[in-house]
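Next comes run04.txt, with compact mmCIF, C-alpha atoms.
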# COMPACT_ATOMS: atom_id res chain seq x y z
CA ALA D 2 38.82 -73.37 -55.65
CA PRO D 3 40.67 -70.04 -55.02
CA LEU D 4 42.91 -70.72 -58.03
CA THR D 5 39.91 -71.58 -60.20
CA PHE D 6 38.05 -68.46 -59.02
CA ASN D 7 41.00 -66.11 -59.63
CA LYS D 8 41.80 -67.65 -62.99
CA GLU D 9 38.22 -67.30 -64.20
CA LEU D 10 37.99 -63.72 -62.99
CA ARG D 11 41.21 -62.67 -64.72
CA ALA D 12 40.22 -64.38 -67.95
CA ASN D 13 36.69 -62.94 -67.94
CA PRO D 14 36.59 -59.63 -66.05
CA ASP D 15 33.02 -58.98 -67.25
CA ALA D 16 31.78 -62.48 -66.37
CA ASP D 17 28.98 -63.31 -63.92
CA VAL D 18 30.93 -63.25 -60.66
CA ASP D 19 28.17 -65.03 -58.71
CA LYS D 20 28.28 -67.93 -61.16
CA ILE D 21 32.08 -68.13 -60.91
CA VAL D 22 31.86 -68.34 -57.11
CA PHE D 23 29.27 -71.12 -57.20
CA ASP D 24 31.26 -73.00 -59.87
CA ALA D 25 34.41 -72.73 -57.74
CA VAL D 26 32.64 -74.28 -54.74
CA THR D 27 31.15 -77.02 -56.92
CA HIS D 28 34.69 -77.83 -58.08
CA THR D 29 35.87 -77.84 -54.45
CA MET D 30 33.11 -80.16 -53.27
CA LYS D 31 33.93 -82.67 -55.98
CA LYS D 32 37.58 -82.76 -54.91
CA VAL D 33 37.52 -82.37 -51.12
CA LYS D 34 36.42 -85.22 -48.83
CA GLY D 35 35.41 -84.92 -45.21
CA ALA D 36 33.50 -82.50 -42.99
CA TYR D 37 33.30 -78.76 -43.45
CA SER D 38 30.91 -75.87 -42.94
CA CYS D 39 32.41 -72.68 -44.34
CA ILE D 40 31.47 -69.01 -44.07
CA THR D 41 33.54 -66.40 -45.87
CA MET D 42 33.41 -62.85 -47.18
CA VAL D 43 34.24 -62.42 -50.89
CA ASN D 44 35.30 -58.91 -51.81
CA GLN D 45 32.74 -57.12 -54.01
CA VAL D 46 30.58 -60.26 -54.07
CA GLY D 47 29.12 -60.80 -50.60
CA LEU D 48 28.88 -63.34 -47.80
CA PHE D 49 29.31 -66.92 -48.98
CA ALA D 50 28.55 -70.13 -47.07
CA PHE D 51 28.55 -73.80 -47.98
CA ARG D 52 28.30 -77.22 -46.35
CA ASP D 53 29.91 -80.56 -47.15
CA PRO D 54 27.90 -83.11 -49.20
CA ASN D 55 27.36 -85.35 -46.16
CA GLY D 56 26.21 -82.50 -43.93
CA ILE D 57 28.46 -83.83 -41.17
CA ARG D 58 28.85 -80.43 -39.52
CA PRO D 59 25.87 -78.10 -38.99
CA LEU D 60 25.15 -74.83 -40.80
CA VAL D 61 21.97 -72.78 -40.35
CA LEU D 62 20.44 -69.79 -42.13
CA GLY D 63 18.73 -66.96 -40.26
CA GLN D 64 16.78 -63.86 -41.27
CA ARG D 65 15.51 -60.56 -39.82
CA LYS D 66 14.08 -57.30 -41.05
CA ALA D 67 16.77 -54.68 -41.64
CA VAL D 68 17.15 -52.27 -38.74
CA SER D 69 17.39 -49.29 -41.08
CA ASP D 70 14.68 -50.39 -43.54
CA GLU D 71 11.94 -52.88 -42.63
CA ASP D 72 11.19 -53.47 -46.30
CA LYS D 73 14.58 -55.17 -46.63
CA ASP D 74 15.82 -58.47 -45.21
CA GLU D 75 19.11 -59.18 -43.47
CA TRP D 76 20.63 -62.65 -43.38
CA CYS D 77 22.84 -64.55 -40.98
CA VAL D 78 24.64 -67.90 -41.23
CA ALA D 79 25.92 -69.78 -38.18
CA SER D 80 26.81 -73.26 -37.02
CA GLU D 81 23.89 -73.20 -34.56
CA ASP D 82 20.63 -71.27 -34.48
CA SER D 83 21.14 -70.48 -30.78
CA ALA D 84 23.26 -67.58 -32.07
CA PHE D 85 20.27 -65.96 -33.80
CA GLY D 86 18.00 -64.95 -30.90
CA PRO D 87 20.32 -62.43 -29.19
CA LEU D 88 20.86 -60.74 -32.57
CA GLY D 89 17.18 -60.57 -33.43
CA PHE D 90 17.34 -63.16 -36.21
CA SER D 91 14.90 -66.03 -36.73
CA ARG D 92 15.78 -69.46 -37.98
CA VAL D 93 14.90 -70.04 -41.64
CA ARG D 94 16.31 -73.49 -42.30
CA ASP D 95 19.43 -75.64 -42.30
CA VAL D 96 21.82 -75.15 -45.18
CA ASN D 97 21.49 -78.40 -47.11
CA PRO D 98 24.42 -80.79 -47.59
CA GLY D 99 26.25 -79.86 -50.78
CA GLU D 100 24.50 -76.49 -50.94
CA ALA D 101 26.10 -73.06 -51.22
CA ILE D 102 24.44 -69.78 -50.22
CA LEU D 103 25.44 -66.29 -51.34
CA ILE D 104 24.21 -63.12 -49.63
CA THR D 105 24.95 -60.38 -52.14
CA GLU D 106 26.11 -56.88 -51.25
CA GLU D 107 22.56 -55.73 -52.02
CA GLY D 108 21.19 -58.16 -49.42
CA LYS D 109 19.74 -60.71 -51.82
CA MET D 110 19.97 -64.39 -50.85
CA VAL D 111 20.94 -66.76 -53.68
CA SER D 112 21.42 -70.52 -53.26
CA ARG D 113 22.58 -73.41 -55.39
CA GLN D 114 22.67 -77.16 -54.83
CA CYS D 115 26.23 -77.70 -56.05
CA VAL D 116 26.46 -81.52 -55.89
CA ASN D 117 24.25 -84.49 -55.18
CA ALA D 118 24.21 -85.06 -51.43
CA GLU D 119 22.74 -87.09 -48.59
CA LEU D 120 22.37 -85.81 -45.04
CA SER D 121 24.49 -87.85 -42.57
CA PRO D 122 25.11 -85.49 -39.62
CA CYS D 123 27.57 -86.17 -36.81
CA ILE D 124 25.61 -87.50 -33.85
CA PHE D 125 28.34 -86.38 -31.42
CA GLU D 126 27.14 -82.81 -32.09
CA TYR D 127 23.90 -83.59 -30.25
CA ILE D 128 25.63 -85.37 -27.37
CA TYR D 129 28.47 -83.01 -26.53
CA LEU D 130 29.20 -80.15 -28.93
CA ALA D 131 25.94 -78.28 -29.57
CA ARG D 132 24.07 -76.07 -27.12
CA PRO D 133 20.82 -77.53 -25.77
CA ASP D 134 18.81 -74.57 -27.11
CA SER D 135 19.89 -75.32 -30.69
CA THR D 136 17.98 -77.20 -33.37
CA LEU D 137 20.20 -79.01 -35.86
CA ASN D 138 18.81 -80.76 -38.92
CA SER D 139 15.28 -80.32 -37.53
CA ILE D 140 16.26 -82.11 -34.30
CA SER D 141 16.12 -80.27 -30.98
CA VAL D 142 19.38 -80.92 -29.14
CA TYR D 143 17.57 -80.73 -25.79
CA GLU D 144 14.82 -83.17 -26.80
CA PHE D 145 17.44 -85.55 -28.18
CA GLN D 146 19.31 -85.52 -24.87
CA LEU D 147 16.07 -86.13 -22.97
CA GLU D 148 15.37 -89.13 -25.20
CA LEU D 149 18.86 -90.51 -24.50
CA GLY D 150 18.02 -90.35 -20.80
CA ARG D 151 14.73 -92.19 -21.25
CA ARG D 152 16.33 -94.97 -23.24
CA LEU D 153 19.25 -95.34 -20.85
CA ALA D 154 16.92 -95.46 -17.83
CA ARG D 155 15.25 -98.59 -19.21
CA ARG D 156 18.61 -100.33 -19.31
CA ILE D 157 19.60 -99.10 -15.84
CA LYS D 158 16.45 -100.67 -14.38
CA LYS D 159 17.66 -104.08 -15.48
CA ARG D 160 20.85 -103.71 -13.41
CA GLU D 161 18.83 -103.54 -10.17
CA TRP D 162 21.34 -101.23 -8.54
CA GLU D 163 20.42 -99.78 -5.15
CA ILE D 164 20.52 -96.01 -5.79
CA ASP D 165 19.54 -93.16 -3.48
CA VAL D 166 20.08 -90.13 -5.71
CA VAL D 167 20.84 -89.17 -9.33
CA VAL D 168 23.50 -86.50 -9.88
CA PRO D 169 24.52 -85.00 -13.24
CA VAL D 170 28.08 -84.12 -14.20
CA PRO D 171 27.53 -80.52 -15.33
CA ASP D 172 26.58 -79.21 -17.75
CA GLY D 173 25.78 -81.39 -20.76
CA SER D 174 24.34 -84.37 -18.90
CA ARG D 175 21.52 -82.52 -17.14
CA PRO D 176 18.69 -83.33 -19.62
CA SER D 177 19.55 -87.04 -19.62
CA ALA D 178 19.97 -87.13 -15.84
CA ILE D 179 16.59 -85.44 -15.30
CA GLU D 180 14.86 -88.09 -17.41
CA ILE D 181 16.74 -90.94 -15.74
CA ALA D 182 15.75 -89.69 -12.29
CA GLY D 183 12.13 -89.38 -13.40
CA GLU D 184 12.01 -92.85 -14.98
CA LEU D 185 13.64 -94.44 -11.92
CA ASP D 186 11.49 -92.41 -9.49
CA LEU D 187 14.58 -91.14 -7.70
CA PRO D 188 15.53 -87.67 -6.43
CA TYR D 189 17.60 -85.52 -8.80
CA ARG D 190 20.26 -83.38 -7.11
CA GLU D 191 22.91 -80.93 -8.29
CA GLY D 192 25.76 -82.34 -6.23
CA LEU D 193 28.68 -81.13 -8.33
CA VAL D 194 29.27 -77.38 -8.41
CA LYS D 195 31.06 -76.12 -11.49
CA ASN D 196 33.67 -73.38 -11.57
CA ARG D 197 32.58 -71.51 -14.69
CA TYR D 198 36.00 -69.94 -15.20
CA VAL D 199 37.61 -73.23 -16.20
CA GLY D 200 37.26 -74.41 -19.80
CA ARG D 201 36.13 -77.81 -21.07
CA THR D 202 38.67 -80.42 -20.05
CA PHE D 203 37.78 -82.72 -22.96
CA ILE D 204 39.39 -80.33 -25.49
CA MET D 205 42.52 -79.52 -23.49
CA PRO D 206 45.71 -80.59 -25.28
CA ASP D 207 47.41 -82.93 -22.82
CA GLN D 208 46.70 -85.29 -19.94
CA ARG D 209 48.43 -83.29 -17.22
CA THR D 210 46.54 -80.08 -18.08
CA ARG D 211 43.24 -81.95 -18.09
CA GLU D 212 43.91 -83.55 -14.69
CA LEU D 213 44.80 -80.24 -13.03
CA SER D 214 41.79 -78.52 -14.57
CA VAL D 215 39.32 -81.14 -13.31
CA ARG D 216 40.21 -80.40 -9.71
CA ARG D 217 39.73 -76.68 -10.30
CA LYS D 218 36.58 -77.21 -12.33
CA LEU D 219 34.30 -79.17 -9.96
CA ASN D 220 33.54 -79.40 -6.27
CA ALA D 221 31.40 -82.10 -4.63
CA MET D 222 28.82 -81.01 -2.04
CA ARG D 223 28.99 -83.20 1.05
CA SER D 224 25.32 -82.56 1.88
CA VAL D 225 24.34 -84.37 -1.34
CA PHE D 226 26.79 -87.28 -1.25
CA ASN D 227 27.34 -88.11 2.41
CA GLY D 228 25.97 -91.57 3.25
CA LYS D 229 24.34 -91.98 -0.20
CA LYS D 230 24.52 -94.50 -3.03
CA VAL D 231 24.88 -92.23 -6.02
CA LEU D 232 24.25 -92.58 -9.74
CA LEU D 233 26.46 -90.11 -11.62
CA VAL D 234 25.27 -89.32 -15.15
CA ASP D 235 27.64 -87.89 -17.76
CA ASP D 236 26.98 -87.04 -21.40
CA SER D 237 29.96 -89.15 -22.49
CA ILE D 238 33.10 -90.78 -21.11
CA VAL D 239 35.94 -90.33 -23.59
CA ARG D 240 39.35 -90.38 -21.96
CA GLY D 241 38.23 -91.05 -18.41
CA THR D 242 40.41 -88.21 -17.08
CA THR D 243 37.54 -86.26 -15.63
CA MET D 244 35.41 -89.17 -14.48
CA SER D 245 38.00 -91.05 -12.44
CA GLN D 246 38.70 -87.92 -10.42
CA ILE D 247 35.00 -87.13 -10.00
CA VAL D 248 34.37 -90.63 -8.63
CA GLN D 249 37.06 -90.04 -6.03
CA MET D 250 35.63 -86.61 -5.22
CA CYS D 251 32.25 -88.20 -4.50
CA ARG D 252 33.82 -90.79 -2.22
CA ASN D 253 35.75 -88.05 -0.41
CA ALA D 254 32.41 -86.25 0.07
CA GLY D 255 30.99 -89.33 1.81
CA ALA D 256 29.35 -91.36 -0.97
CA LEU D 257 28.89 -95.01 0.03
CA GLU D 258 28.70 -96.27 -3.55
CA VAL D 259 29.21 -94.53 -6.90
CA TYR D 260 27.57 -95.84 -10.06
CA LEU D 261 28.18 -94.33 -13.49
CA ALA D 262 25.85 -93.91 -16.47
CA SER D 263 27.06 -92.54 -19.81
CA ALA D 264 24.38 -91.07 -22.07
CA ALA D 265 26.65 -91.93 -25.01
CA PRO D 266 28.09 -95.30 -26.03
CA PRO D 267 31.79 -96.01 -25.40
CA VAL D 268 34.10 -94.00 -27.67
CA LYS D 269 36.42 -96.50 -29.35
CA HIS D 270 37.38 -95.00 -32.71
CA PRO D 271 39.18 -91.80 -33.79
CA ASN D 272 37.21 -88.83 -35.02
CA VAL D 273 38.53 -87.55 -38.35
CA TYR D 274 35.86 -84.90 -38.94
CA GLY D 275 37.08 -82.03 -36.80
CA VAL D 276 36.81 -83.24 -33.19
CA ASP D 277 40.18 -83.59 -31.45
CA MET D 278 40.11 -87.36 -30.90
CA PRO D 279 42.78 -88.66 -33.32
CA SER D 280 44.14 -91.68 -31.46
CA ARG D 281 42.50 -94.83 -30.06
CA GLN D 282 45.19 -94.92 -27.38
CA GLU D 283 43.55 -91.95 -25.65
CA PHE D 284 40.18 -93.59 -25.09
CA VAL D 285 39.44 -95.26 -21.78
CA ALA D 286 37.28 -97.86 -23.58
CA HIS D 287 40.07 -98.82 -26.00
CA GLN D 288 40.72 -102.56 -25.59
CA ARG D 289 38.79 -102.58 -22.29
CA SER D 290 35.49 -104.25 -21.50
CA GLU D 291 32.76 -102.35 -19.65
CA GLU D 292 33.80 -104.11 -16.44
CA GLU D 293 37.45 -103.16 -16.96
CA VAL D 294 36.55 -99.52 -17.61
CA CYS D 295 34.45 -99.52 -14.44
CA GLU D 296 37.38 -100.84 -12.44
CA TYR D 297 39.75 -98.30 -14.03
CA LEU D 298 37.44 -95.43 -13.10
CA GLY D 299 37.06 -96.73 -9.55
CA ALA D 300 33.26 -97.01 -9.72
CA ASP D 301 30.90 -99.61 -8.25
CA GLY D 302 29.03 -100.01 -11.54
CA LEU D 303 29.04 -98.62 -15.07
CA ILE D 304 26.53 -98.58 -17.90
CA TYR D 305 26.78 -97.06 -21.38
CA GLN D 306 24.11 -96.09 -23.86
CA SER D 307 23.87 -98.63 -26.68
CA VAL D 308 24.79 -97.49 -30.19
CA GLU D 309 21.45 -98.70 -31.54
CA ASP D 310 19.41 -96.80 -28.93
CA MET D 311 21.41 -93.65 -29.67
CA LEU D 312 20.81 -93.92 -33.42
CA GLN D 313 17.13 -94.74 -32.94
CA ALA D 314 16.76 -91.65 -30.75
CA GLY D 315 18.01 -89.51 -33.62
CA ARG D 316 15.92 -91.22 -36.30
CA SER D 317 12.78 -90.92 -34.17
CA MET D 318 13.14 -87.13 -34.34
CA ASN D 319 13.91 -86.87 -38.05
CA SER D 320 12.90 -89.92 -40.06
CA GLN D 321 14.43 -88.39 -43.21
CA ILE D 322 17.91 -89.02 -41.82
CA GLU D 323 18.69 -92.60 -42.75
CA ARG D 324 22.28 -92.50 -41.55
CA PHE D 325 24.11 -90.55 -38.87
CA ASP D 326 27.86 -90.33 -38.66
CA ALA D 327 28.58 -92.21 -35.44
CA SER D 328 32.13 -93.14 -36.43
CA CYS D 329 33.72 -92.50 -33.03
CA PHE D 330 31.31 -95.11 -31.62
CA ASP D 331 30.98 -97.69 -34.43
CA GLY D 332 33.97 -97.05 -36.72
CA ASP D 333 31.73 -96.43 -39.76
CA TYR D 334 32.98 -93.28 -41.54
CA VAL D 335 30.33 -91.74 -43.81
CA SER D 336 32.74 -90.08 -46.26
CA GLY D 337 33.78 -93.56 -47.40
CA ASP D 338 37.49 -92.80 -47.78
CA ILE D 339 38.85 -93.71 -44.33
CA ASP D 340 40.81 -96.93 -43.96
CA GLU D 341 43.07 -98.44 -41.31
CA ALA D 342 46.21 -97.08 -42.97
CA TYR D 343 44.84 -93.54 -42.74
CA LEU D 344 43.89 -93.97 -39.08
CA GLU D 345 47.29 -95.40 -38.24
CA ALA D 346 49.05 -92.49 -39.95
CA LEU D 347 46.81 -90.02 -38.09
CA SER D 348 47.58 -91.67 -34.77
CA SER D 349 51.33 -92.09 -35.19
CA GLY D 350 52.33 -89.09 -37.27
CA GLY D 351 49.41 -86.70 -37.47
CA ARG D 352 47.29 -85.04 -34.79
CA GLY D 353 47.62 -88.12 -32.62
CA LYS D 354 51.41 -88.11 -32.46
CA GLY D 355 52.60 -88.24 -28.87
CA ARG D 356 49.11 -88.74 -27.44
CA LYS D 357 48.95 -91.11 -24.50
CA GLY D 358 46.20 -93.27 -23.13
CA SER D 359 44.04 -92.57 -20.11
Go ahead and render the structure in this file as structure tokens.
Amino acid sequence: APLTFNKELRANPDADVDKIVFDAVTHTMKKVKGAYSCITMVNQVGLFAFRDPNGIRPLVLGQRKAVSDEDKDEWCVASEDSAFGPLGFSRVRDVNPGEAILITEEGKMVSRQCVNAELSPCIFEYIYLARPDSTLNSISVYEFQLELGRRLARRIKKREWEIDVVVPVPDGSRPSAIEIAGELDLPYREGLVKNRYVGRTFIMPDQRTRELSVRRKLNAMRSVFNGKKVLLVDDSIVRGTTMSQIVQMCRNAGALEVYLASAAPPVKHPNVYGVDMPSRQEFVAHQRSEEEVCEYLGADGLIYQSVEDMLQAGRSMNSQIERFDASCFDGDYVSGDIDEAYLEALSSGGRGKGRKGS
């Protein structure tokens, strides 16, 4: 696209620059596969944003009245609308899949649907990546997480576990844990205190760093766990690094039994759309049954969300979305160009090279 844009501009210095920019992105979208949401500044043109034809990653448009002139509008583009409020912007809408938006230097908003597209957003955004106060693709992240809790609670009831208290693993699991506690008529307690100066262990580059960070990140309160049979709720269990240590923390704090509930299904497949999960060998659920994962984590019981319940939760909140990308859970890649050879190359020689299992 940059070569096409520069070539056109040199050949036609008096041409419609806006049209050239949109044509360049159209050319790009027809050639490039995968997930992308892009925001860029084009010199003497304006702010330019576009989203991949599957809408895998989020992109949202915001608007406010200009500070210097209330008769004019100012525009903002971000991955999540939670960024708008502190800046005084209001959400307008999601940028559509395959759409490009140009905010000119004069402040005019121009859009074009560059290619035919179908919305298939990544469902992992709602589980782990997005803030709970965001709305993506007309779905409230918070309401989605509450619905995951309700659906998981129905399945937990069938296990007939003896549980005294429900405790979330902070922060992302709180909405689901609140709903589970309510559905099971059990007390909800904040038993794990988070050190807010430690980053997210999931995205740390190696196993040793993640293990050290977990111990610095969380502390179990004895007053919550001592003598109790505890249900720990987490938003997802990916590598198991964090969870196995948390289970031991709870036991050290006096827990009699520790049961685990994951608001997400087991992660079994690599993510190729921008999340750092390139190798199956990293995943605790890889080639392990639910019972084997439970034993590995040192818990007394383990339950995962089902893939179908997760997808139904999303569809119930936006019936226009016929298909979510849930590839890290079900191995179905929406871009249609991912095969086993690609995944093997990614694992052995790409981002997954040198990665080890849990």
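If you measure from each of D:Asp53, D:Glu345, D:Asp310, D:Asp82 to Cys115 in chain D using all atoms listed in the file, the closest one turns out to be D:Asp53.
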Checklist line | Separation of CA of Asn272 in chain D from CA of Ile102 in chain D in Å | finding: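 Interatomic distance, CA of Ile102 in chain D to CA of Asn272 in chain D: 27.5 Å.
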Could you list, as a compact mmCIF listing (two decimals) with C-alpha atoms, in the frame of the given file, every residue within 6 Å of range 169-173 of chain D, counting only C-alpha atoms and ignoring same-chain residues fewer than 5 positions away?
# COMPACT_ATOMS: atom_id res chain seq x y z
CA ALA D 178 19.97 -87.13 -15.84
CA LEU D 233 26.46 -90.11 -11.62
CA VAL D 234 25.27 -89.32 -15.15
CA ASP D 235 27.64 -87.89 -17.76
CA ASP D 236 26.98 -87.04 -21.40
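Proximity to Ala265 in chain D at 9 Å, evaluated using only C-alpha atoms and with sequence-adjacent residues fewer than 6 positions away removed, yields Phe125, Ile128, Leu149, Asp235, Asp236, Ser237, Ile238, Tyr305, Gln306, Ser307, Val308, Met311 and Phe330 of chain D.
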Could I see range 78-88 of chain D restored to all heavy atoms, set down as a PDB file, keeping the file's coordinate frame?
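This is the output file rebuild24.pdb:
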ATOM      1  N   VAL D  78      24.319 -66.471 -41.140  1.00  0.00           N
ATOM      2  CA  VAL D  78      24.640 -67.900 -41.230  1.00  0.00           C
ATOM      3  C   VAL D  78      25.511 -68.263 -40.033  1.00  0.00           C
ATOM      4  O   VAL D  78      26.461 -67.546 -39.704  1.00  0.00           O
ATOM      5  CB  VAL D  78      25.389 -68.230 -42.545  1.00  0.00           C
ATOM      6  CG1 VAL D  78      25.609 -69.736 -42.656  1.00  0.00           C
ATOM      7  CG2 VAL D  78      24.616 -67.724 -43.753  1.00  0.00           C
ATOM      8  N   ALA D  79      25.175 -69.363 -39.372  1.00  0.00           N
ATOM      9  CA  ALA D  79      25.920 -69.780 -38.180  1.00  0.00           C
ATOM     10  C   ALA D  79      25.911 -71.299 -38.080  1.00  0.00           C
ATOM     11  O   ALA D  79      25.124 -71.979 -38.745  1.00  0.00           O
ATOM     12  CB  ALA D  79      25.290 -69.178 -36.916  1.00  0.00           C
ATOM     13  N   SER D  80      26.781 -71.814 -37.227  1.00  0.00           N
ATOM     14  CA  SER D  80      26.810 -73.260 -37.020  1.00  0.00           C
ATOM     15  C   SER D  80      25.623 -73.738 -36.206  1.00  0.00           C
ATOM     16  O   SER D  80      25.203 -74.891 -36.337  1.00  0.00           O
ATOM     17  CB  SER D  80      28.122 -73.678 -36.331  1.00  0.00           C
ATOM     18  OG  SER D  80      28.245 -73.032 -35.079  1.00  0.00           O
ATOM     19  N   GLU D  81      25.055 -72.842 -35.363  1.00  0.00           N
ATOM     20  CA  GLU D  81      23.890 -73.200 -34.560  1.00  0.00           C
ATOM     21  C   GLU D  81      22.915 -72.038 -34.507  1.00  0.00           C
ATOM     22  O   GLU D  81      23.326 -70.874 -34.437  1.00  0.00           O
ATOM     23  CB  GLU D  81      24.308 -73.566 -33.132  1.00  0.00           C
ATOM     24  CG  GLU D  81      25.205 -74.776 -33.019  1.00  0.00           C
ATOM     25  CD  GLU D  81      25.555 -75.091 -31.573  1.00  0.00           C
ATOM     26  OE1 GLU D  81      24.651 -75.015 -30.714  1.00  0.00           O
ATOM     27  OE2 GLU D  81      26.722 -75.397 -31.305  1.00  0.00           O
ATOM     28  N   ASP D  82      21.631 -72.339 -34.498  1.00  0.00           N
ATOM     29  CA  ASP D  82      20.630 -71.270 -34.480  1.00  0.00           C
ATOM     30  C   ASP D  82      20.495 -70.606 -33.113  1.00  0.00           C
ATOM     31  O   ASP D  82      19.807 -69.581 -32.987  1.00  0.00           O
ATOM     32  CB  ASP D  82      19.282 -71.768 -34.974  1.00  0.00           C
ATOM     33  CG  ASP D  82      18.717 -72.915 -34.150  1.00  0.00           C
ATOM     34  OD1 ASP D  82      19.338 -73.301 -33.145  1.00  0.00           O
ATOM     35  OD2 ASP D  82      17.655 -73.447 -34.521  1.00  0.00           O
ATOM     36  N   SER D  83      21.156 -71.140 -32.095  1.00  0.00           N
ATOM     37  CA  SER D  83      21.140 -70.480 -30.780  1.00  0.00           C
ATOM     38  C   SER D  83      21.823 -69.110 -30.850  1.00  0.00           C
ATOM     39  O   SER D  83      21.628 -68.276 -29.960  1.00  0.00           O
ATOM     40  CB  SER D  83      21.814 -71.355 -29.731  1.00  0.00           C
ATOM     41  OG  SER D  83      23.142 -71.683 -30.119  1.00  0.00           O
ATOM     42  N   ALA D  84      22.601 -68.873 -31.897  1.00  0.00           N
ATOM     43  CA  ALA D  84      23.260 -67.580 -32.070  1.00  0.00           C
ATOM     44  C   ALA D  84      22.291 -66.510 -32.577  1.00  0.00           C
ATOM     45  O   ALA D  84      22.572 -65.306 -32.475  1.00  0.00           O
ATOM     46  CB  ALA D  84      24.421 -67.713 -33.060  1.00  0.00           C
ATOM     47  N   PHE D  85      21.147 -66.915 -33.127  1.00  0.00           N
ATOM     48  CA  PHE D  85      20.270 -65.960 -33.800  1.00  0.00           C
ATOM     49  C   PHE D  85      19.481 -65.083 -32.837  1.00  0.00           C
ATOM     50  O   PHE D  85      19.342 -63.882 -33.056  1.00  0.00           O
ATOM     51  CB  PHE D  85      19.292 -66.712 -34.719  1.00  0.00           C
ATOM     52  CG  PHE D  85      19.938 -67.403 -35.887  1.00  0.00           C
ATOM     53  CD1 PHE D  85      19.280 -68.439 -36.546  1.00  0.00           C
ATOM     54  CD2 PHE D  85      21.193 -67.031 -36.333  1.00  0.00           C
ATOM     55  CE1 PHE D  85      19.864 -69.080 -37.627  1.00  0.00           C
ATOM     56  CE2 PHE D  85      21.785 -67.663 -37.410  1.00  0.00           C
ATOM     57  CZ  PHE D  85      21.125 -68.698 -38.064  1.00  0.00           C
ATOM     58  N   GLY D  86      18.900 -65.680 -31.796  1.00  0.00           N
ATOM     59  CA  GLY D  86      18.000 -64.950 -30.900  1.00  0.00           C
ATOM     60  C   GLY D  86      18.575 -63.657 -30.357  1.00  0.00           C
ATOM     61  O   GLY D  86      17.940 -62.604 -30.470  1.00  0.00           O
ATOM     62  N   PRO D  87      19.766 -63.675 -29.745  1.00  0.00           N
ATOM     63  CA  PRO D  87      20.320 -62.430 -29.190  1.00  0.00           C
ATOM     64  C   PRO D  87      20.538 -61.333 -30.222  1.00  0.00           C
ATOM     65  O   PRO D  87      20.597 -60.155 -29.866  1.00  0.00           O
ATOM     66  CB  PRO D  87      21.669 -62.895 -28.593  1.00  0.00           C
ATOM     67  CG  PRO D  87      21.486 -64.350 -28.332  1.00  0.00           C
ATOM     68  CD  PRO D  87      20.596 -64.847 -29.427  1.00  0.00           C
ATOM     69  N   LEU D  88      20.640 -61.722 -31.502  1.00  0.00           N
ATOM     70  CA  LEU D  88      20.860 -60.740 -32.570  1.00  0.00           C
ATOM     71  C   LEU D  88      19.571 -60.343 -33.271  1.00  0.00           C
ATOM     72  O   LEU D  88      19.598 -59.545 -34.210  1.00  0.00           O
ATOM     73  CB  LEU D  88      21.849 -61.311 -33.600  1.00  0.00           C
ATOM     74  CG  LEU D  88      23.233 -61.698 -33.067  1.00  0.00           C
ATOM     75  CD1 LEU D  88      24.050 -62.368 -34.158  1.00  0.00           C
ATOM     76  CD2 LEU D  88      23.961 -60.462 -32.538  1.00  0.00           C
TER      77      LEU D  88
END
